[in-house]
Amino acid sequence: MISFVASRIGFAALVLVMLSGFVFTLFFVAPGDPARIVAGERATEAQVAMVRENLGLDRPIVEQYFSFVGRSLSGDLGYSYRNQQPVLDLIKNRMPATISLCVGAVVLWLMMGIPIGIMSARRPGSLADRIGQGFVLIGVSFPSFVLGMAALYFLYFVPRQAGFTLFPPGGYRPFLDNPGLWAWHLMLPWFTLAFTSAAIYARLTRGQLLEVLGEDYIRTARAKGLSERKVVYKHGVRSIFAPLTTQLGADIAALLGGALVTEQVFGLQGIGSLAVQSVQTLDRPVIIGVVLLAGFFIVIANLIVDFLYILLDPRIRT
Amino acid sequence: MSTEIKQRGSLELTMRRLISDRAGMVSMLFIIALVAVAVGADAIAALTGHSATAQFLNTGLTPTGLPVPPNGEFLFGTDQLGRDVLVRLAHGARISLAIGVVASLLAAIIGVTVGLVAGYFGGWIDVVLGRLMDLVMSIPVLLCMLSLVAVFGPSVSLSLTVIVFFSWTTMGRVIRGQVLSLREREFVVASRSMGAGHLSIMFTDILPNLGAPIIIYTTMMVPTSIIFEATLSFLGLGIVPPAPSWGGMLAEAANNSIYMFAWWLVLFPGLALLFTTLSFNILGDALRDALDPASMRHRAPKKKKKSVRAAS
């Protein structure tokens, strides 16, 4: 088990090193002079040189990389080229919206996907199974931004035209101000982000459960007279948690991409929309900061999932 | 009374199973129709007399400058610049299909090669390639795309590269798993005992046995790639306007929420995208059922158990 933990931590570190290297290299082979962007179009050569020196852009690349990694580790991600605010503060301000969106969506897709999968697997080929399978097919085929726009149209705009507000058009309300308002504003984004994943988890749950329900120990459980309910929920469902956890770990990286799209559709001021805005304004320190910090969170979340897996699957512990 | 007994080959049986799958056939017809629309996009433009980027300021916009709903001249309405949605949709089909198919084929080639090498040689090669796949899968794709676009600017080739780079791993894993069990089989041992080299065994003995998973998973990758491309264009990271793409059209519709008052700007590209991905997914399912009858979707897994055990 110790070697498993060590290899996972080593792998996590490798991912972070490669990600920082990728972002940094990209930043330096990049066409266009960041000092020129900061100084502005009309700055003189001398002014540009001064900005370059201030930003440390005149030092050797390797030195810049190490000082960059050192600074990042101590929480200093530099300053935005656009408004000179610390990148870390910009990201911190955007974090509540993105975290609320992601956590809520994960909870929602597990709450949708697993029960639908169980329902399908209990009676393969039945009407319930076919409805479940239809949901899976539509879920994996629906691009999330189309779903989000449709949700906004039918659940915000149409009721609005009819004279009442069913859901707000978007925006983020802090949880601490008013939890009810917070959830109300996030309902459509949660649903949009969760829909595709719910379908994938339903398919996975169904497949795993069908396989498990054919095992000998399930037959034994049935033979000793346990009710079908107990067989499915006590013996069957237990064994699907390990594969679902693996899938969850693999999905964390994709989750942030989904959050980015959802934030764009619903105008949520989260980290994803910050990244898109920074690309449009060529604000490189912010892009680097977002990618690094997001990568860091993904790696940590993956580690947590790995350790959860050890708890769920005792076979690894030996 | 004599009943003629006819021998049916594997291909014929597969085709029969495929043709009897109604949903699969409907999807196939839709895809063929879509290809026709994509190929004939210029013909559609010529028929309507509207090019994909022409703005019809008099007929294509209302006096207040709003898009015109579907009518006799513009069957699918016009967009916020007075351009014909139908013609743009047809041209967008080209981009979606081209990127979807090309990206899937390239990713399949990489995935099959890596999976074949990893599964066949095993040992440290397998460990290194397995870790490489883990690594690619744990990179936040869209964030990388964002940084690449920030530096190089959006383009078709960049989208294609990124889609391929991040989608070959699924194929790689599937193929690796299959090869792991195939390489222990008697015909491989026989080939080896007759002095066949690694390359020869990999490509003439093992590869032909991978036809079913390759066809199935390549088909399944097409809708994923199409959604991927549309998402990139939607975020302004893919196809550069004014070139028409479905994702770009939806992004323009979302801009200032103009689609709230012009539903056709979302309905047509949205449905086109949904039906296309749905068709490829249904076709993938149909192909799996036809090529690999053992994995029928609706069958309870009683008979499968043994083989699952053996593989694991």
# chains A, B, ... in the order shown; residues from 1 in each chain; ligands from 1
$ residues_around --residues "A:Leu147" --least-positions-apart "2" --cutoff "12 Å" --atoms "only C-alpha atoms" --output "PyMOL selection string"
(chain A and resi 138-145+149-155+188-196+261-262+265-266) or (chain B and resi 250+266-267+270-271+273-274)
$ interface_residues --of "chain B" --to "chain A" --cutoff "6 Å" --atoms "only C-alpha atoms" --output "number ranges by chain"
B: 138, 140, 142-143, 150-151, 227, 270, 274, 277-278, 298, 302
$ write_last_selection --atoms "N, CA and C atoms" --output "PDB file, in the first residue's frame"
ATOM      1  N   SER B 138      -5.179  13.154 -17.441  1.00  0.00           N
ATOM      2  CA  SER B 138      -5.353  13.988 -16.255  1.00  0.00           C
ATOM      3  C   SER B 138      -5.030  15.457 -16.526  1.00  0.00           C
ATOM      4  N   PRO B 140      -6.095  19.057 -17.837  1.00  0.00           N
ATOM      5  CA  PRO B 140      -7.325  19.788 -18.133  1.00  0.00           C
ATOM      6  C   PRO B 140      -7.309  20.323 -19.564  1.00  0.00           C
ATOM      7  N   LEU B 142      -9.487  21.814 -21.775  1.00  0.00           N
ATOM      8  CA  LEU B 142      -9.920  23.135 -22.214  1.00  0.00           C
ATOM      9  C   LEU B 142      -8.972  24.219 -21.744  1.00  0.00           C
ATOM     10  N   LEU B 143      -8.401  24.037 -20.557  1.00  0.00           N
ATOM     11  CA  LEU B 143      -7.462  25.044 -20.060  1.00  0.00           C
ATOM     12  C   LEU B 143      -6.203  25.085 -20.921  1.00  0.00           C
ATOM     13  N   ALA B 150      -4.372  31.482 -26.650  1.00  0.00           N
ATOM     14  CA  ALA B 150      -3.873  32.784 -26.212  1.00  0.00           C
ATOM     15  C   ALA B 150      -2.560  33.107 -26.908  1.00  0.00           C
ATOM     16  N   VAL B 151      -1.774  32.057 -27.190  1.00  0.00           N
ATOM     17  CA  VAL B 151      -0.462  32.287 -27.796  1.00  0.00           C
ATOM     18  C   VAL B 151      -0.523  32.265 -29.316  1.00  0.00           C
ATOM     19  N   ILE B 227     -18.658  17.299 -30.793  1.00  0.00           N
ATOM     20  CA  ILE B 227     -19.046  18.146 -29.657  1.00  0.00           C
ATOM     21  C   ILE B 227     -17.848  18.977 -29.200  1.00  0.00           C
ATOM     22  N   GLY B 270     -28.663  23.933 -33.057  1.00  0.00           N
ATOM     23  CA  GLY B 270     -28.705  23.043 -31.892  1.00  0.00           C
ATOM     24  C   GLY B 270     -29.201  21.662 -32.273  1.00  0.00           C
ATOM     25  N   LEU B 274     -27.287  18.106 -32.233  1.00  0.00           N
ATOM     26  CA  LEU B 274     -27.827  17.012 -31.421  1.00  0.00           C
ATOM     27  C   LEU B 274     -28.108  15.779 -32.277  1.00  0.00           C
ATOM     28  N   THR B 277     -24.738  14.041 -33.411  1.00  0.00           N
ATOM     29  CA  THR B 277     -24.065  13.248 -32.381  1.00  0.00           C
ATOM     30  C   THR B 277     -24.918  12.038 -32.010  1.00  0.00           C
ATOM     31  N   LEU B 278     -26.239  12.250 -31.928  1.00  0.00           N
ATOM     32  CA  LEU B 278     -27.145  11.147 -31.594  1.00  0.00           C
ATOM     33  C   LEU B 278     -27.023  10.032 -32.644  1.00  0.00           C
ATOM     34  N   HIS B 298     -29.347  -5.636 -24.408  1.00  0.00           N
ATOM     35  CA  HIS B 298     -30.473  -5.972 -23.544  1.00  0.00           C
ATOM     36  C   HIS B 298     -30.327  -7.327 -22.883  1.00  0.00           C
ATOM     37  N   LYS B 302     -25.648 -13.453 -17.936  1.00  0.00           N
ATOM     38  CA  LYS B 302     -25.340 -14.805 -17.451  1.00  0.00           C
ATOM     39  C   LYS B 302     -24.187 -15.446 -18.201  1.00  0.00           C
TER      40      LYS B 302
END
$ residues_around --residues "stretch 28-41 of chain B" --least-positions-apart "5" --cutoff "9 Å" --atoms "only C-alpha atoms" --output "number ranges by chain"
B: 23, 46, 87-95, 97, 275-276, 279-280, 282-283
$ select_by_dssp --residues "stretch 125-207 of chain A" --states "alpha helix (DSSP H)" --output "JSON, numbers by chain"
{"A": [127, 128, 129, 130, 131, 132, 133, 134, 135, 136, 137, 138, 139, 140, 141, 144, 145, 146, 147, 148, 149, 150, 151, 152, 158, 159, 160, 161, 179, 180, 181, 182, 183, 184, 185, 186, 187, 188, 189, 190, 191, 192, 193, 194, 195, 196, 197, 198, 199, 200, 201, 202, 203, 204, 205, 206, 207]}
$ atom_distance --atom1 "atom CA of B:Phe234" --atom2 "atom CA of B:Gly248"
5.0 Å
$ residues_around --residues "B:Thr62" --least-positions-apart "4" --cutoff "12 Å" --atoms "only C-alpha atoms" --output "ChimeraX atom specification"
/B:56-58,66-69,77-82,262
$ closest_residue --among "B:Leu291, B:Leu235, B:Ile110, B:Ile214" --to "B:Ala254" --atoms "only C-alpha atoms"
B:Leu235
$ decode --residues "stretch 73-119 of chain A" --atoms "N, CA and C atoms" --output "CSV table (one decimal), in the first residue's frame"
chain,number,residue,atom,x,y,z
A,73,LEU,N,4.8,28.7,-5.8
A,73,LEU,CA,4.7,27.8,-4.6
A,73,LEU,C,4.4,28.6,-3.3
A,74,SER,N,4.9,29.9,-3.3
A,74,SER,CA,4.7,30.7,-2.2
A,74,SER,C,3.4,31.5,-2.3
A,75,GLY,N,2.6,31.2,-3.4
A,75,GLY,CA,1.3,31.9,-3.5
A,75,GLY,C,1.4,33.2,-4.3
A,76,ASP,N,2.5,33.5,-4.9
A,76,ASP,CA,2.6,34.7,-5.6
A,76,ASP,C,2.5,34.4,-7.1
A,77,LEU,N,1.4,34.7,-7.7
A,77,LEU,CA,1.2,34.3,-9.1
A,77,LEU,C,1.4,35.5,-10.0
A,78,GLY,N,2.0,36.6,-9.5
A,78,GLY,CA,2.2,37.7,-10.4
A,78,GLY,C,1.0,38.6,-10.4
A,79,TYR,N,1.1,39.6,-11.3
A,79,TYR,CA,0.0,40.6,-11.4
A,79,TYR,C,-0.6,40.6,-12.8
A,80,SER,N,-1.9,40.9,-12.9
A,80,SER,CA,-2.5,41.0,-14.2
A,80,SER,C,-1.9,42.1,-15.0
A,81,TYR,N,-1.7,41.9,-16.3
A,81,TYR,CA,-1.2,42.9,-17.2
A,81,TYR,C,-2.2,44.0,-17.3
A,82,ARG,N,-3.4,43.7,-17.2
A,82,ARG,CA,-4.5,44.6,-17.5
A,82,ARG,C,-4.8,45.6,-16.4
A,83,ASN,N,-5.0,45.1,-15.2
A,83,ASN,CA,-5.4,46.0,-14.1
A,83,ASN,C,-4.4,46.0,-12.9
A,84,GLN,N,-3.3,45.3,-13.1
A,84,GLN,CA,-2.2,45.3,-12.1
A,84,GLN,C,-2.7,44.7,-10.8
A,85,GLN,N,-3.8,44.0,-10.8
A,85,GLN,CA,-4.2,43.3,-9.5
A,85,GLN,C,-3.5,42.0,-9.4
A,86,PRO,N,-3.2,41.6,-8.1
A,86,PRO,CA,-2.6,40.3,-8.0
A,86,PRO,C,-3.4,39.2,-8.5
A,87,VAL,N,-2.8,38.2,-9.3
A,87,VAL,CA,-3.6,37.2,-10.0
A,87,VAL,C,-4.3,36.3,-9.0
A,88,LEU,N,-3.6,36.1,-7.8
A,88,LEU,CA,-4.2,35.2,-6.8
A,88,LEU,C,-5.5,35.8,-6.3
A,89,ASP,N,-5.5,37.1,-6.1
A,89,ASP,CA,-6.8,37.7,-5.6
A,89,ASP,C,-7.9,37.6,-6.7
A,90,LEU,N,-7.5,37.8,-7.9
A,90,LEU,CA,-8.5,37.7,-9.0
A,90,LEU,C,-9.1,36.3,-9.0
A,91,ILE,N,-8.2,35.3,-8.8
A,91,ILE,CA,-8.7,33.9,-8.8
A,91,ILE,C,-9.6,33.6,-7.6
A,92,LYS,N,-9.1,34.1,-6.5
A,92,LYS,CA,-9.8,33.9,-5.2
A,92,LYS,C,-11.2,34.5,-5.3
A,93,ASN,N,-11.4,35.6,-5.9
A,93,ASN,CA,-12.7,36.2,-6.0
A,93,ASN,C,-13.6,35.4,-6.8
A,94,ARG,N,-13.0,34.7,-7.8
A,94,ARG,CA,-13.9,33.9,-8.7
A,94,ARG,C,-14.1,32.5,-8.2
A,95,MET,N,-13.4,32.1,-7.1
A,95,MET,CA,-13.5,30.7,-6.7
A,95,MET,C,-14.8,30.2,-6.2
A,96,PRO,N,-15.5,31.0,-5.4
A,96,PRO,CA,-16.8,30.5,-4.8
A,96,PRO,C,-17.8,30.1,-5.9
A,97,ALA,N,-17.9,30.9,-7.0
A,97,ALA,CA,-18.9,30.5,-8.0
A,97,ALA,C,-18.5,29.1,-8.6
A,98,THR,N,-17.2,29.0,-9.0
A,98,THR,CA,-16.8,27.7,-9.6
A,98,THR,C,-16.9,26.5,-8.7
A,99,ILE,N,-16.5,26.7,-7.4
A,99,ILE,CA,-16.6,25.6,-6.5
A,99,ILE,C,-18.1,25.2,-6.3
A,100,SER,N,-18.9,26.2,-6.1
A,100,SER,CA,-20.4,25.9,-5.9
A,100,SER,C,-20.9,25.2,-7.1
A,101,LEU,N,-20.5,25.6,-8.3
A,101,LEU,CA,-21.0,25.0,-9.5
A,101,LEU,C,-20.6,23.6,-9.6
A,102,CYS,N,-19.3,23.3,-9.4
A,102,CYS,CA,-18.7,22.0,-9.6
A,102,CYS,C,-19.3,21.0,-8.5
A,103,VAL,N,-19.2,21.4,-7.2
A,103,VAL,CA,-19.6,20.5,-6.2
A,103,VAL,C,-21.1,20.1,-6.3
A,104,GLY,N,-21.9,21.2,-6.6
A,104,GLY,CA,-23.4,20.9,-6.8
A,104,GLY,C,-23.6,20.0,-7.9
A,105,ALA,N,-22.9,20.2,-9.0
A,105,ALA,CA,-23.1,19.4,-10.2
A,105,ALA,C,-22.7,17.9,-10.0
A,106,VAL,N,-21.6,17.7,-9.3
A,106,VAL,CA,-21.2,16.3,-9.0
A,106,VAL,C,-22.2,15.6,-8.1
A,107,VAL,N,-22.7,16.3,-7.1
A,107,VAL,CA,-23.8,15.7,-6.3
A,107,VAL,C,-25.0,15.4,-7.1
A,108,LEU,N,-25.4,16.3,-7.9
A,108,LEU,CA,-26.6,16.1,-8.8
A,108,LEU,C,-26.4,15.0,-9.7
A,109,TRP,N,-25.2,14.9,-10.4
A,109,TRP,CA,-25.1,13.8,-11.4
A,109,TRP,C,-25.0,12.4,-10.7
A,110,LEU,N,-24.4,12.4,-9.5
A,110,LEU,CA,-24.4,11.1,-8.8
A,110,LEU,C,-25.9,10.7,-8.4
A,111,MET,N,-26.6,11.8,-8.0
A,111,MET,CA,-28.0,11.5,-7.5
A,111,MET,C,-28.9,11.1,-8.7
A,112,MET,N,-28.6,11.6,-9.9
A,112,MET,CA,-29.4,11.2,-11.1
A,112,MET,C,-28.8,9.9,-11.7
A,113,GLY,N,-27.5,9.8,-11.9
A,113,GLY,CA,-27.0,8.7,-12.6
A,113,GLY,C,-27.1,7.4,-12.0
A,114,ILE,N,-26.7,7.3,-10.7
A,114,ILE,CA,-26.7,6.0,-10.0
A,114,ILE,C,-28.1,5.4,-9.9
A,115,PRO,N,-29.1,6.1,-9.4
A,115,PRO,CA,-30.4,5.5,-9.4
A,115,PRO,C,-30.9,5.1,-10.7
A,116,ILE,N,-30.7,5.9,-11.7
A,116,ILE,CA,-31.2,5.5,-13.1
A,116,ILE,C,-30.5,4.2,-13.5
A,117,GLY,N,-29.2,4.1,-13.3
A,117,GLY,CA,-28.4,2.9,-13.6
A,117,GLY,C,-28.9,1.7,-12.9
A,118,ILE,N,-29.2,1.9,-11.6
A,118,ILE,CA,-29.7,0.7,-10.8
A,118,ILE,C,-31.1,0.3,-11.3
A,119,MET,N,-31.9,1.3,-11.6
A,119,MET,CA,-33.2,1.0,-12.1
A,119,MET,C,-33.1,0.2,-13.4
